[in-house]
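Engineer: input_28.cif is the file, holding mmCIF, C-alpha atoms and all ligand atoms:
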```
data_structure
loop_
_atom_site.label_atom_id
_atom_site.label_comp_id
_atom_site.auth_asym_id
_atom_site.auth_seq_id
_atom_site.Cartn_x
_atom_site.Cartn_y
_atom_site.Cartn_z
CA MET G 1455 18.27 18.67 1.77
CA ASP G 1456 18.34 17.99 -1.93
CA VAL G 1457 15.74 20.22 -3.54
CA VAL G 1458 14.22 18.67 -6.63
CA PRO G 1459 13.14 21.28 -9.18
CA GLY G 1460 9.39 21.43 -9.44
CA ALA G 1461 8.70 19.58 -6.20
CA TRP G 1462 7.06 20.85 -3.05
CA ARG G 1463 9.76 21.84 -0.57
CA ARG G 1464 10.22 22.81 3.04
CA THR G 1465 11.38 26.29 3.71
CA ALA G 1466 13.96 27.37 6.23
CA ALA G 1467 12.09 30.68 6.59
CA GLY G 1468 9.38 29.17 8.77
CA ALA G 1469 6.69 29.36 6.11
CA GLY G 1470 6.06 25.62 6.19
CA LEU G 1471 5.78 23.90 2.88
CA LEU G 1472 6.08 25.76 -0.42
CA SER G 1473 4.38 24.74 -3.64
CA PRO G 1474 6.40 24.11 -6.83
CA GLN G 1475 5.63 27.73 -7.75
CA GLY G 1476 7.27 28.84 -4.47
CA GLU G 1477 3.95 29.83 -2.89
CA VAL G 1478 2.30 29.12 0.44
CA ALA G 1479 -0.60 27.52 -1.37
CA PRO G 1480 -3.82 25.69 -0.48
CA THR G 1481 -4.21 22.29 -2.14
CA ILE G 1482 -5.82 22.31 -5.55
CA PHE G 1483 -8.85 20.57 -4.00
CA ALA G 1484 -9.34 23.32 -1.42
CA GLU G 1485 -8.94 26.02 -4.09
CA MET G 1486 -11.44 24.45 -6.48
CA SER G 1487 -14.02 23.51 -3.81
CA ALA G 1488 -13.94 27.14 -2.65
CA ALA G 1489 -14.57 28.22 -6.27
CA ALA G 1490 -17.55 25.84 -6.41
CA VAL G 1491 -19.09 27.58 -3.40
CA ARG G 1492 -18.25 31.08 -4.69
CA PHE G 1493 -19.89 30.55 -8.10
CA ASP G 1494 -22.57 28.10 -6.94
CA ALA G 1495 -21.04 25.67 -9.41
CA ILE G 1496 -21.37 21.86 -9.58
CA ASN G 1497 -18.29 20.44 -7.90
CA LEU G 1498 -16.82 17.75 -10.14
CA GLY G 1499 -13.41 18.73 -8.77
CA GLN G 1500 -12.73 17.31 -5.30
CA GLY G 1501 -13.39 13.58 -5.17
CA PHE G 1502 -16.11 13.05 -2.61
CA PRO G 1503 -19.55 11.47 -3.08
CA ASP G 1504 -22.69 13.58 -2.62
CA GLU G 1505 -24.71 10.63 -1.27
CA ASP G 1506 -24.32 8.71 1.97
CA GLY G 1507 -22.94 5.20 2.09
CA PRO G 1508 -24.76 2.10 3.39
CA SER G 1509 -27.15 2.88 6.25
CA VAL G 1510 -25.98 -0.13 8.25
CA VAL G 1511 -22.51 1.43 8.37
CA LEU G 1512 -23.88 4.86 9.34
CA GLU G 1513 -26.05 3.27 12.06
CA ALA G 1514 -23.05 1.39 13.43
CA ALA G 1515 -21.23 4.68 14.01
CA LYS G 1516 -24.27 6.15 15.79
CA ASP G 1517 -24.55 3.02 17.94
CA ALA G 1518 -20.90 3.17 18.79
CA ILE G 1519 -21.27 6.75 20.03
CA ALA G 1520 -24.39 5.83 22.00
CA HIS G 1521 -22.53 2.92 23.59
CA GLY G 1522 -19.53 4.93 24.73
CA ALA G 1523 -16.92 4.49 21.98
CA ASN G 1524 -15.88 8.09 22.57
CA GLN G 1525 -12.38 7.91 24.05
CA TYR G 1526 -8.99 7.10 22.58
CA PRO G 1527 -8.99 3.75 20.82
CA PRO G 1528 -5.83 1.58 21.06
CA GLY G 1529 -2.81 2.89 19.13
CA ARG G 1530 -2.93 0.18 16.46
CA GLY G 1531 -6.73 0.48 16.07
CA ILE G 1532 -9.57 -1.38 17.78
CA PRO G 1533 -9.04 -5.16 17.65
CA ASP G 1534 -12.30 -5.82 15.80
CA LEU G 1535 -11.42 -3.46 12.95
CA ARG G 1536 -7.94 -4.98 12.64
CA LEU G 1537 -9.63 -8.40 12.50
CA ALA G 1538 -12.11 -7.16 9.87
CA ILE G 1539 -9.22 -5.79 7.76
CA SER G 1540 -7.41 -9.12 8.05
CA GLU G 1541 -10.60 -10.99 7.02
CA HIS G 1542 -11.07 -8.56 4.12
CA GLN G 1543 -7.52 -9.16 2.84
CA ARG G 1544 -8.10 -12.94 2.93
CA ARG G 1545 -11.62 -12.81 1.47
CA PHE G 1546 -10.82 -10.64 -1.54
CA TYR G 1547 -7.14 -11.39 -2.19
CA SER G 1548 -6.14 -14.56 -0.26
CA LEU G 1549 -3.60 -12.42 1.62
CA GLU G 1550 -2.80 -13.36 5.23
CA ALA G 1551 -2.52 -10.56 7.80
CA ASP G 1552 -1.96 -11.10 11.52
CA PRO G 1553 -4.36 -8.53 13.01
CA ASP G 1554 -2.10 -7.99 16.03
CA THR G 1555 1.20 -7.32 14.27
CA GLU G 1556 0.62 -6.87 10.53
CA VAL G 1557 -2.27 -4.36 10.46
CA LEU G 1558 -2.28 -0.73 11.58
CA VAL G 1559 -5.32 1.56 11.54
CA THR G 1560 -4.59 5.16 10.53
CA ALA G 1561 -6.30 8.53 10.05
CA GLY G 1562 -7.19 7.81 6.44
CA ALA G 1563 -4.83 6.66 3.72
CA THR G 1564 -3.27 10.12 3.95
CA GLU G 1565 -1.82 9.48 7.40
CA ALA G 1566 -0.83 5.95 6.42
CA LEU G 1567 1.18 7.35 3.49
CA THR G 1568 2.70 10.16 5.54
CA ALA G 1569 3.73 7.94 8.46
CA THR G 1570 5.11 5.31 6.07
CA LEU G 1571 7.27 7.76 4.14
CA LEU G 1572 8.50 9.51 7.28
CA ALA G 1573 9.28 6.15 8.89
CA LEU G 1574 11.17 4.60 5.99
CA ILE G 1575 13.16 7.55 4.67
CA ASP G 1576 16.54 7.81 6.38
CA SER G 1577 18.62 10.24 4.39
CA PRO G 1578 18.44 13.08 1.83
CA GLU G 1579 19.97 10.62 -0.64
CA ASP G 1580 16.95 8.32 -0.41
CA GLU G 1581 14.72 8.32 -3.47
CA VAL G 1582 10.98 7.71 -3.76
CA VAL G 1583 9.77 6.61 -7.20
CA VAL G 1584 6.21 7.53 -8.23
CA PHE G 1585 4.27 7.49 -11.45
CA GLU G 1586 3.43 10.97 -12.76
CA PRO G 1587 0.76 12.41 -12.60
CA TYR G 1588 0.70 11.60 -8.85
CA TYR G 1589 -1.73 12.26 -6.00
CA ASP G 1590 -0.84 15.64 -4.53
CA SER G 1591 0.22 14.53 -1.05
CA TYR G 1592 3.04 12.28 -2.36
CA ALA G 1593 5.37 15.08 -3.44
CA ALA G 1594 4.54 17.15 -0.37
CA VAL G 1595 5.36 14.31 2.03
CA VAL G 1596 8.53 13.34 0.18
CA ALA G 1597 9.58 16.98 0.71
CA LEU G 1598 8.64 16.85 4.40
CA ALA G 1599 10.65 13.66 4.77
CA GLY G 1600 13.61 15.34 3.06
CA ALA G 1601 14.06 12.79 0.28
CA ARG G 1602 14.22 12.97 -3.51
CA LEU G 1603 11.14 12.45 -5.66
CA ARG G 1604 11.79 10.52 -8.88
CA THR G 1605 9.00 10.26 -11.44
CA VAL G 1606 8.08 7.91 -14.26
CA PRO G 1607 5.59 9.38 -16.76
CA LEU G 1608 2.25 7.75 -17.50
CA ARG G 1609 1.56 8.04 -21.19
CA LEU G 1610 -1.56 8.52 -23.26
CA PRO G 1611 -3.86 6.94 -24.30
CA ASP G 1612 -4.16 4.49 -21.39
CA PHE G 1613 -1.71 6.06 -18.91
CA GLN G 1614 0.57 3.04 -18.59
CA PRO G 1615 4.30 3.61 -17.92
CA ASP G 1616 7.12 2.59 -20.24
CA LEU G 1617 8.89 -0.29 -18.50
CA ASP G 1618 12.33 0.79 -19.72
CA GLN G 1619 11.77 4.25 -18.26
CA LEU G 1620 10.69 2.64 -14.98
CA ALA G 1621 13.79 0.45 -14.90
CA ALA G 1622 15.99 3.45 -15.68
CA VAL G 1623 14.68 5.42 -12.68
CA VAL G 1624 14.84 2.71 -9.99
CA ASN G 1625 18.35 2.29 -8.58
CA ASP G 1626 20.17 1.40 -5.36
CA ARG G 1627 19.19 4.74 -3.77
CA THR G 1628 15.49 3.92 -4.30
CA ARG G 1629 14.03 3.44 -0.84
CA ILE G 1630 10.38 3.27 -1.89
CA ILE G 1631 8.43 2.56 -5.06
CA LEU G 1632 5.00 4.09 -4.42
CA VAL G 1633 2.19 2.77 -6.63
CA ASN G 1634 -1.38 4.06 -6.65
CA ASP G 1635 -3.65 1.51 -8.34
CA PRO G 1636 -6.42 2.18 -9.45
CA HIS G 1637 -4.82 5.51 -10.18
CA ASN G 1638 -5.84 9.03 -9.26
CA PRO G 1639 -6.03 11.21 -11.35
CA THR G 1640 -5.77 9.18 -14.59
CA GLY G 1641 -8.14 6.24 -13.89
CA ALA G 1642 -5.43 3.78 -14.96
CA VAL G 1643 -5.27 0.23 -13.64
CA PHE G 1644 -1.75 -1.10 -14.04
CA GLY G 1645 -1.26 -4.23 -16.11
CA PRO G 1646 0.35 -7.42 -14.79
CA GLU G 1647 3.61 -6.63 -16.61
CA VAL G 1648 3.86 -3.26 -14.85
CA GLN G 1649 3.17 -4.82 -11.46
CA ALA G 1650 5.70 -7.62 -12.07
CA GLU G 1651 8.35 -5.08 -13.09
CA VAL G 1652 7.77 -3.07 -9.90
CA VAL G 1653 8.33 -6.23 -7.84
CA ARG G 1654 11.39 -7.27 -9.85
CA LEU G 1655 13.00 -3.84 -9.49
CA ALA G 1656 12.16 -3.59 -5.78
CA ASN G 1657 13.82 -6.95 -5.16
CA ARG G 1658 16.82 -6.12 -7.30
CA HIS G 1659 17.43 -2.77 -5.58
CA ASP G 1660 16.14 -3.72 -2.12
CA ALA G 1661 13.34 -1.13 -2.13
CA VAL G 1662 10.08 -1.20 -0.19
CA ILE G 1663 6.89 -1.20 -2.28
CA VAL G 1664 4.20 1.07 -0.87
CA THR G 1665 0.80 0.82 -2.51
CA ASP G 1666 -2.14 3.21 -2.34
CA GLU G 1667 -5.24 1.15 -3.06
CA VAL G 1668 -8.01 3.45 -1.85
CA TYR G 1669 -10.00 2.66 -5.04
CA GLU G 1670 -9.48 -1.11 -4.67
CA HIS G 1671 -13.21 -1.87 -4.93
CA LEU G 1672 -13.72 0.46 -7.89
CA SER G 1673 -11.79 -1.36 -10.61
CA PHE G 1674 -14.08 -1.69 -13.66
CA SER G 1675 -12.47 -3.95 -16.21
CA ALA G 1676 -11.01 -6.68 -14.01
CA PRO G 1677 -10.92 -7.58 -10.30
CA HIS G 1678 -8.34 -5.56 -8.40
CA VAL G 1679 -4.96 -7.24 -7.90
CA PRO G 1680 -2.87 -5.93 -4.97
CA ILE G 1681 0.85 -5.97 -5.75
CA ALA G 1682 1.35 -7.80 -2.42
CA THR G 1683 -0.18 -10.91 -4.02
CA LEU G 1684 2.65 -11.21 -6.57
CA PRO G 1685 5.50 -13.67 -5.88
CA GLY G 1686 8.33 -12.02 -3.96
CA ALA G 1687 6.24 -8.96 -3.07
CA ALA G 1688 4.52 -9.53 0.30
CA GLU G 1689 7.72 -9.46 2.36
CA ARG G 1690 8.61 -5.97 1.09
CA THR G 1691 5.18 -4.39 0.53
CA LEU G 1692 3.07 -2.06 2.65
CA THR G 1693 -0.49 -2.10 1.31
CA ILE G 1694 -2.47 1.05 2.14
CA SER G 1695 -6.19 1.59 1.77
CA SER G 1696 -9.08 3.33 3.47
CA GLY G 1697 -12.83 3.16 4.00
CA GLY G 1698 -13.52 6.62 2.56
CA LYS G 1699 -14.17 5.65 -1.07
CA THR G 1700 -15.48 2.14 -0.51
CA PHE G 1701 -18.18 3.29 1.92
CA SER G 1702 -18.75 6.85 0.65
CA ALA G 1703 -17.45 8.21 3.97
CA THR G 1704 -14.49 10.36 2.98
CA GLY G 1705 -14.87 12.55 6.08
CA TRP G 1706 -14.44 9.66 8.50
CA LYS G 1707 -10.75 9.22 7.75
CA ILE G 1708 -10.37 5.58 8.68
CA GLY G 1709 -7.47 4.04 6.78
CA TRP G 1710 -5.05 1.20 7.29
CA VAL G 1711 -1.70 -0.33 6.40
CA HIS G 1712 -1.06 -4.05 5.99
CA GLY G 1713 2.42 -5.52 5.72
CA PRO G 1714 5.31 -7.29 7.44
CA ALA G 1715 5.34 -6.82 11.23
CA GLU G 1716 8.67 -5.00 11.42
CA LEU G 1717 7.62 -2.47 8.76
CA ILE G 1718 4.24 -1.96 10.46
CA THR G 1719 6.02 -1.31 13.76
CA ALA G 1720 8.23 1.26 12.03
CA VAL G 1721 5.15 3.05 10.65
CA LEU G 1722 3.50 2.92 14.09
CA THR G 1723 6.47 4.68 15.68
CA VAL G 1724 5.74 7.73 13.51
CA LYS G 1725 1.96 7.44 13.37
CA GLN G 1726 1.71 7.61 17.17
CA PHE G 1727 3.15 11.14 17.04
CA LEU G 1728 1.06 12.36 14.10
CA THR G 1729 -2.49 11.75 15.31
CA TYR G 1730 -1.77 9.04 17.91
CA VAL G 1731 -5.28 7.66 17.17
CA ASN G 1732 -8.56 8.78 15.57
CA GLY G 1733 -12.17 7.93 14.86
CA SER G 1734 -13.12 5.78 17.88
CA ALA G 1735 -16.76 5.52 16.76
CA PHE G 1736 -15.98 5.23 13.04
CA GLN G 1737 -13.61 2.30 13.48
CA PRO G 1738 -16.33 -0.20 14.50
CA ALA G 1739 -18.55 1.12 11.70
CA ILE G 1740 -15.89 0.53 9.05
CA ALA G 1741 -15.50 -3.00 10.47
CA VAL G 1742 -19.21 -3.51 9.72
CA GLY G 1743 -18.68 -2.18 6.20
CA LEU G 1744 -15.74 -4.45 5.45
CA ARG G 1745 -17.92 -7.45 6.36
CA LEU G 1746 -20.80 -6.50 4.02
CA PRO G 1747 -21.73 -9.15 1.44
CA ASP G 1748 -20.11 -9.19 -2.02
CA SER G 1749 -23.28 -7.66 -3.49
CA TYR G 1750 -22.51 -4.35 -1.76
CA PHE G 1751 -19.06 -4.09 -3.34
CA ASP G 1752 -20.38 -5.22 -6.76
CA ASP G 1753 -23.20 -2.67 -6.70
CA ALA G 1754 -20.90 0.17 -5.66
CA ARG G 1755 -18.59 -0.59 -8.59
CA ALA G 1756 -21.46 -0.97 -11.11
CA THR G 1757 -23.12 2.25 -9.95
CA LEU G 1758 -19.90 4.24 -10.32
CA LEU G 1759 -19.23 2.77 -13.78
CA HIS G 1760 -22.75 3.81 -14.83
CA LYS G 1761 -22.00 7.35 -13.60
CA HIS G 1762 -18.71 7.42 -15.52
CA ARG G 1763 -20.65 6.55 -18.69
CA ILE G 1764 -23.10 9.42 -18.12
CA LEU G 1765 -20.20 11.78 -17.44
CA GLY G 1766 -18.20 10.52 -20.43
CA ASP G 1767 -21.18 11.00 -22.78
CA ALA G 1768 -21.72 14.49 -21.40
CA LEU G 1769 -18.09 15.43 -21.92
CA ARG G 1770 -18.02 14.04 -25.47
CA THR G 1771 -21.21 15.93 -26.34
CA ALA G 1772 -19.65 19.11 -24.99
CA GLY G 1773 -16.65 18.62 -27.29
CA PHE G 1774 -14.02 17.08 -24.99
CA ASP G 1775 -11.86 14.15 -26.04
CA VAL G 1776 -12.53 11.59 -23.29
CA HIS G 1777 -10.17 8.95 -21.81
CA PRO G 1778 -12.54 6.46 -20.11
CA PRO G 1779 -11.11 5.23 -16.78
CA GLN G 1780 -10.43 1.61 -15.83
CA GLY G 1781 -11.02 2.38 -12.17
CA GLY G 1782 -11.54 5.02 -9.49
CA TYR G 1783 -13.58 8.20 -9.16
CA PHE G 1784 -12.25 10.22 -12.10
CA THR G 1785 -12.61 10.62 -15.86
CA VAL G 1786 -9.87 12.52 -17.69
CA ALA G 1787 -10.81 14.61 -20.73
CA ASP G 1788 -8.82 16.76 -23.13
CA ALA G 1789 -10.12 20.33 -23.27
CA THR G 1790 -7.81 21.55 -26.04
CA THR G 1791 -10.54 21.82 -28.68
CA LEU G 1792 -12.63 23.91 -26.25
CA GLY G 1793 -9.90 26.48 -25.79
CA GLY G 1794 -8.43 24.58 -22.86
CA ALA G 1795 -4.87 24.04 -24.10
CA ASP G 1796 -3.84 25.44 -20.70
CA ALA G 1797 -6.08 23.30 -18.47
CA MET G 1798 -5.16 25.23 -15.30
CA ALA G 1799 -6.46 28.48 -16.81
CA PHE G 1800 -9.44 26.60 -18.27
CA CYS G 1801 -10.35 25.12 -14.85
CA ARG G 1802 -9.90 28.43 -13.06
CA ALA G 1803 -12.37 30.01 -15.53
CA LEU G 1804 -14.82 27.09 -15.75
CA PRO G 1805 -16.87 27.77 -12.57
CA GLU G 1806 -17.85 31.24 -13.83
CA ARG G 1807 -18.00 30.26 -17.50
CA ALA G 1808 -20.06 27.09 -17.16
CA GLY G 1809 -21.02 26.61 -13.50
CA VAL G 1810 -18.92 23.44 -13.22
CA VAL G 1811 -15.71 22.79 -11.29
CA ALA G 1812 -12.96 20.41 -12.46
CA ILE G 1813 -9.27 19.90 -11.72
CA PRO G 1814 -6.38 20.30 -14.22
CA ILE G 1815 -4.12 17.27 -14.46
CA THR G 1816 -1.12 19.60 -14.25
CA ALA G 1817 -1.94 19.94 -10.53
CA PHE G 1818 -0.58 16.39 -10.22
CA VAL G 1819 2.51 17.01 -12.35
CA ALA G 1820 5.84 18.78 -11.65
CA PRO G 1821 6.00 22.12 -13.57
CA GLU G 1822 8.82 20.98 -15.86
CA HIS G 1823 6.52 18.24 -17.23
CA HIS G 1824 3.33 20.33 -17.56
CA GLY G 1825 3.66 20.43 -21.35
CA ASP G 1826 2.99 16.69 -21.60
CA TYR G 1827 -0.42 16.98 -19.89
CA ALA G 1828 -1.31 20.63 -20.62
CA GLY G 1829 -4.88 20.23 -21.94
CA LEU G 1830 -6.07 17.46 -19.63
CA VAL G 1831 -8.83 17.95 -17.06
CA ARG G 1832 -10.07 15.60 -14.29
CA PHE G 1833 -13.81 15.28 -13.61
CA ALA G 1834 -15.24 13.38 -10.60
CA ALA G 1835 -18.02 10.91 -11.45
CA CYS G 1836 -18.93 10.13 -7.82
CA LYS G 1837 -21.97 12.43 -7.83
CA ARG G 1838 -25.73 11.83 -8.03
CA VAL G 1839 -27.06 11.05 -11.51
CA ASP G 1840 -29.27 14.16 -11.51
CA VAL G 1841 -26.21 16.27 -10.60
CA LEU G 1842 -24.22 14.73 -13.46
CA GLU G 1843 -27.13 15.39 -15.82
CA GLU G 1844 -27.28 19.02 -14.76
CA ALA G 1845 -23.50 19.27 -15.24
CA ALA G 1846 -24.02 17.77 -18.72
CA ARG G 1847 -26.53 20.52 -19.59
CA ARG G 1848 -24.14 23.20 -18.37
CA LEU G 1849 -21.13 21.77 -20.19
CA ALA G 1850 -23.10 21.43 -23.44
CA ALA G 1851 -23.29 25.22 -23.53
CA LEU G 1852 -19.49 25.46 -23.72
CA GLY G 1853 -19.01 24.57 -27.38
N1 LIG G 1901 -4.79 8.38 -2.10
C1 LIG G 1901 -5.51 8.67 -3.17
C2 LIG G 1901 -5.07 8.17 -4.50
C3 LIG G 1901 -6.67 9.43 -3.05
O1 LIG G 1901 -7.39 9.72 -4.12
C4 LIG G 1901 -7.04 9.90 -1.78
C5 LIG G 1901 -8.19 10.85 -1.62
N2 LIG G 1901 -9.33 10.31 -1.66
C6 LIG G 1901 -6.27 9.54 -0.69
C7 LIG G 1901 -5.14 8.81 -0.87
C8 LIG G 1901 -6.62 9.99 0.69
O2 LIG G 1901 -7.43 9.05 1.32
P1 LIG G 1901 -8.02 9.31 2.77
O3 LIG G 1901 -9.16 10.26 2.60
O4 LIG G 1901 -8.42 7.96 3.26
O5 LIG G 1901 -6.94 9.92 3.59
N1 LIG G 1902 -8.73 12.47 -2.87
C1 LIG G 1902 -9.54 13.59 -3.22
C2 LIG G 1902 -9.36 13.91 -4.71
O1 LIG G 1902 -8.43 13.43 -5.34
C3 LIG G 1902 -9.21 14.85 -2.47
C4 LIG G 1902 -8.88 14.76 -1.06
C5 LIG G 1902 -8.35 16.08 -0.58
O2 LIG G 1902 -9.00 17.11 -0.73
N2 LIG G 1902 -7.15 16.06 -0.07
O3 LIG G 1902 -10.13 14.66 -5.20
#
```
Transcribe the structure of this file into structure tokens.
Ligand code: PMP
Ligand code: GLN

Structural biologist:
Amino acid sequence: MDVVPGAWRRTAAGAGLLSPQGEVAPTIFAEMSAAAVRFDAINLGQGFPDEDGPSVVLEAAKDAIAHGANQYPPGRGIPDLRLAISEHQRRFYSLEADPDTEVLVTAGATEALTATLLALIDSPEDEVVVFEPYYDSYAAVVALAGARLRTVPLRLPDFQPDLDQLAAVVNDRTRIILVNDPHNPTGAVFGPEVQAEVVRLANRHDAVIVTDEVYEHLSFSAPHVPIATLPGAAERTLTISSGGKTFSATGWKIGWVHGPAELITAVLTVKQFLTYVNGSAFQPAIAVGLRLPDSYFDDARATLLHKHRILGDALRTAGFDVHPPQGGYFTVADATTLGGADAMAFCRALPERAGVVAIPITAFVAPEHHGDYAGLVRFAACKRVDVLEEAARRLAALG
């Protein structure tokens, strides 16, 4: 296997997966959530809401349990959820999806991504192109699949990639271009020229486009545009999303993949040996959620934007330099002026120093590129307003 410096890698010594530092390490989210508990700190690290989602969705799960939805659902997901996903793709994006062959329900977006990468990667020569910083599971799964991770940097101030750098990285060994939009951790939403270049390069080099759109309903400046809607994209794109963020139910782990039937079948062949199936009672509830009126999705987006503004003001007052997000759960701020030039050290100290937990952006970056993002910190805005206000009071004491 080709070991990429700085990437997660499998070990022959039976220790599983080693971090870029060569450690058997918990994820950054597990580490920082444990710190939140230890120091009784406000957890603006791991991205999960502290309020329940719509009661009609919660009730649907209870009803499903009461009415016997407690055994294995079908391998592709219950038919009504696959139909609801197909309706959702048409309603929001005018995308067609045959619920029987072009939709697969998974254990969250995480399993969808894992099964997709394991299914499509054939050889150690295969390359997977991602934008950096990248969501932590991408590098780990590329390592599990035994492929090469290739990265294209996202640049300040708005975290868009340079198109020449993108074109220079994609080549005939590129098996997958993996695009997370809206983007975790930076909050970027990729412009039409970036999306068009991804499609052009994928066609030119016969790569599959895999998208991670878990924040699809949380795009603030403009309606979300799935790459699959671009000309020449649908036939080579697997669109991944999940109900966790949209319905504030991150623990339910109901995700899905939509794409061409033969690619979906390939993903299914792996998925059936990962979890086989999951969430029999949550699947019908997410179907209810996907059919909620537009007002639900509009309110969820507006509420989160309002929270980002509270968080952004708090961070500015505390002395951070803030990069307001265009979408998603997270606001990125520069901690350099607060002594946070090394954001990892800053975040490890922050729970005790200020009673707040945050995540350094370097956790999403290969070590050899840490210098480009060294002072940047990610804060989750998906918390109650009173919690954000208390975090603001605590952070104000930092300066
Ligand atoms: N992709 C991104 C970009 C995420 O932020 C997350 C975590 N919320 C996931 C995937 C995982 O989603 P799920 O919980 O549905 O597995
Ligand atoms: N997606 C969540 C985040 O970025 C974390 C999920 C996890 O802990 N794996 O914070």

Engineer: Rank G:Arg1492, G:His1637, G:Lys1516, G:Arg1832 by their smallest atom-to-atom distance to ligand LIG 1901 (chain G), using all atoms listed in the file, and report the top residue only.

Structural biologist: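 Closest to ligand LIG 1901 (chain G) of all the choices is G:His1637.
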
Engineer: Any idea what the distance is between CA of Ala1518 in chain G and CA of Asp1748 in chain G?

Structural biologist: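 Atom-to-atom, CA of Ala1518 in chain G and CA of Asp1748 in chain G are spaced 24.2 Å apart.
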
Engineer: Can you write out as CSV which residues of chain G fall within 9 Å of ligand LIG 1902 (chain G), alongside each residue's closest atom pair and its distance in Å to one decimal, counting all atoms listed in the file and ordering rows by chain and ascending residue number?

Structural biologist:
```
residue,atom,partner,partner_atom,distance
G:Thr1481,CA,G:LIG1902,N2,7.2
G:Ile1482,CA,G:LIG1902,O2,7.8
G:Phe1483,CA,G:LIG1902,O2,4.8
G:Ala1484,CA,G:LIG1902,O2,6.3
G:Ser1487,CA,G:LIG1902,O2,8.7
G:Leu1498,CA,G:LIG1902,O3,8.9
G:Gly1499,CA,G:LIG1902,O3,6.3
G:Gln1500,CA,G:LIG1902,O3,3.7
G:Gly1501,CA,G:LIG1902,O3,3.4
G:Phe1502,CA,G:LIG1902,C1,6.6
G:Thr1564,CA,G:LIG1902,N2,8.2
G:Tyr1589,CA,G:LIG1902,O1,6.8
G:Asp1590,CA,G:LIG1902,N2,7.7
G:Ser1591,CA,G:LIG1902,N2,7.6
G:Asn1638,CA,G:LIG1902,O1,6.4
G:Pro1639,CA,G:LIG1902,O1,6.8
G:Lys1699,CA,G:LIG1902,N1,8.9
G:Thr1704,CA,G:LIG1902,C4,8.2
G:Tyr1783,CA,G:LIG1902,O1,8.3
G:Phe1784,CA,G:LIG1902,O1,8.4
G:Ile1813,CA,G:LIG1902,O3,8.4
G:Ala1834,CA,G:LIG1902,O3,7.5
```

Engineer: Give me, as a PyMOL selection string, the set of residues whose atoms come within 10 Å of any atom of ligand LIG 1901 (chain G), counting all atoms listed in the file.

Structural biologist: chain G and resi 1500-1502+1560-1568+1588-1592+1633-1639+1665-1669+1694-1700+1703-1710+1782-1784

Engineer: Would you compute the distance between CA of Asp1826 in chain G and CA of Thr1785 in chain G? Give it in Å to one decimal.

Structural biologist: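 Distance reported for this atom pair: 17.7 Å.
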
Engineer: Pick out the closest residue to Gly1645 in chain G from this set: G:Ala1676, G:Val1841, G:Leu1537, G:Ala1820. Count only C-alpha atoms.

Structural biologist: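 Between G:Ala1676, G:Val1841, G:Leu1537, G:Ala1820, the residue approaching Gly1645 in chain G most closely is G:Ala1676.
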
Engineer: From the set G:Met1486, G:Ala1688, G:Ala1593, G:Ile1718, which residue has the shortest atom-to-atom contact distance to Ala1573 in chain G, counting all atoms listed in the file?

Structural biologist: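 Closest to Ala1573 in chain G of all the choices is G:Ile1718.
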
Engineer: Interatomic distance between CA of Pro1821 in chain G and CA of Asn1625 in chain G?

Structural biologist: 23.9 Å

Engineer: Using all atoms listed in the file, find the one residue out of G:Ile1681, G:Glu1477, G:Glu1651, G:Phe1701 that sits nearest to Val1742 in chain G.

Structural biologist: G:Phe1701

Engineer: Within 12 Å of Leu1842 in chain G, counting all atoms listed in the file, which residues show up once you throw out same-chain ones fewer than 4 positions away? Write them as a list of chain:residue names, please.

Structural biologist: G:Ile1496, G:Asn1497, G:Leu1498, G:Pro1503, G:Asp1504, G:Leu1758, G:His1760, G:Lys1761, G:His1762, G:Arg1763, G:Ile1764, G:Leu1765, G:Gly1766, G:Asp1767, G:Ala1768, G:Leu1769, G:Val1810, G:Val1811, G:Phe1833, G:Ala1834, G:Ala1835, G:Cys1836, G:Lys1837, G:Arg1838, G:Ala1846, G:Arg1847, G:Arg1848, G:Leu1849

Engineer: Please provide the set of residues having any atom within 9 Å of range 1735-1737 of chain G, restricted to only C-alpha atoms, with same-chain residues fewer than 3 positions apart removed, written as a CSV table (one decimal) with C-alpha atoms, in the coordinates of the input.

Structural biologist:
```csv
chain,number,residue,atom,x,y,z
G,1511,VAL,CA,-22.5,1.4,8.4
G,1512,LEU,CA,-23.9,4.9,9.3
G,1514,ALA,CA,-23.0,1.4,13.4
G,1515,ALA,CA,-21.2,4.7,14.0
G,1516,LYS,CA,-24.3,6.2,15.8
G,1517,ASP,CA,-24.6,3.0,17.9
G,1518,ALA,CA,-20.9,3.2,18.8
G,1519,ILE,CA,-21.3,6.8,20.0
G,1522,GLY,CA,-19.5,4.9,24.7
G,1523,ALA,CA,-16.9,4.5,22.0
G,1524,ASN,CA,-15.9,8.1,22.6
G,1525,GLN,CA,-12.4,7.9,24.0
G,1527,PRO,CA,-9.0,3.8,20.8
G,1531,GLY,CA,-6.7,0.5,16.1
G,1532,ILE,CA,-9.6,-1.4,17.8
G,1534,ASP,CA,-12.3,-5.8,15.8
G,1535,LEU,CA,-11.4,-3.5,13.0
G,1559,VAL,CA,-5.3,1.6,11.5
G,1706,TRP,CA,-14.4,9.7,8.5
G,1707,LYS,CA,-10.8,9.2,7.8
G,1708,ILE,CA,-10.4,5.6,8.7
G,1732,ASN,CA,-8.6,8.8,15.6
G,1740,ILE,CA,-15.9,0.5,9.0
G,1741,ALA,CA,-15.5,-3.0,10.5
G,1742,VAL,CA,-19.2,-3.5,9.7
```

Engineer: Axis-aligned box over every listed atom of range 1563-1566 of chain G, padded by 4 Å per side: centre and edges in Å to one decimal, as lines of an AutoDock Vina configuration file?

Structural biologist:
```
center_x = -2.8
center_y = 8.0
center_z = 5.6
size_x = 12.0
size_y = 12.2
size_z = 11.7
```
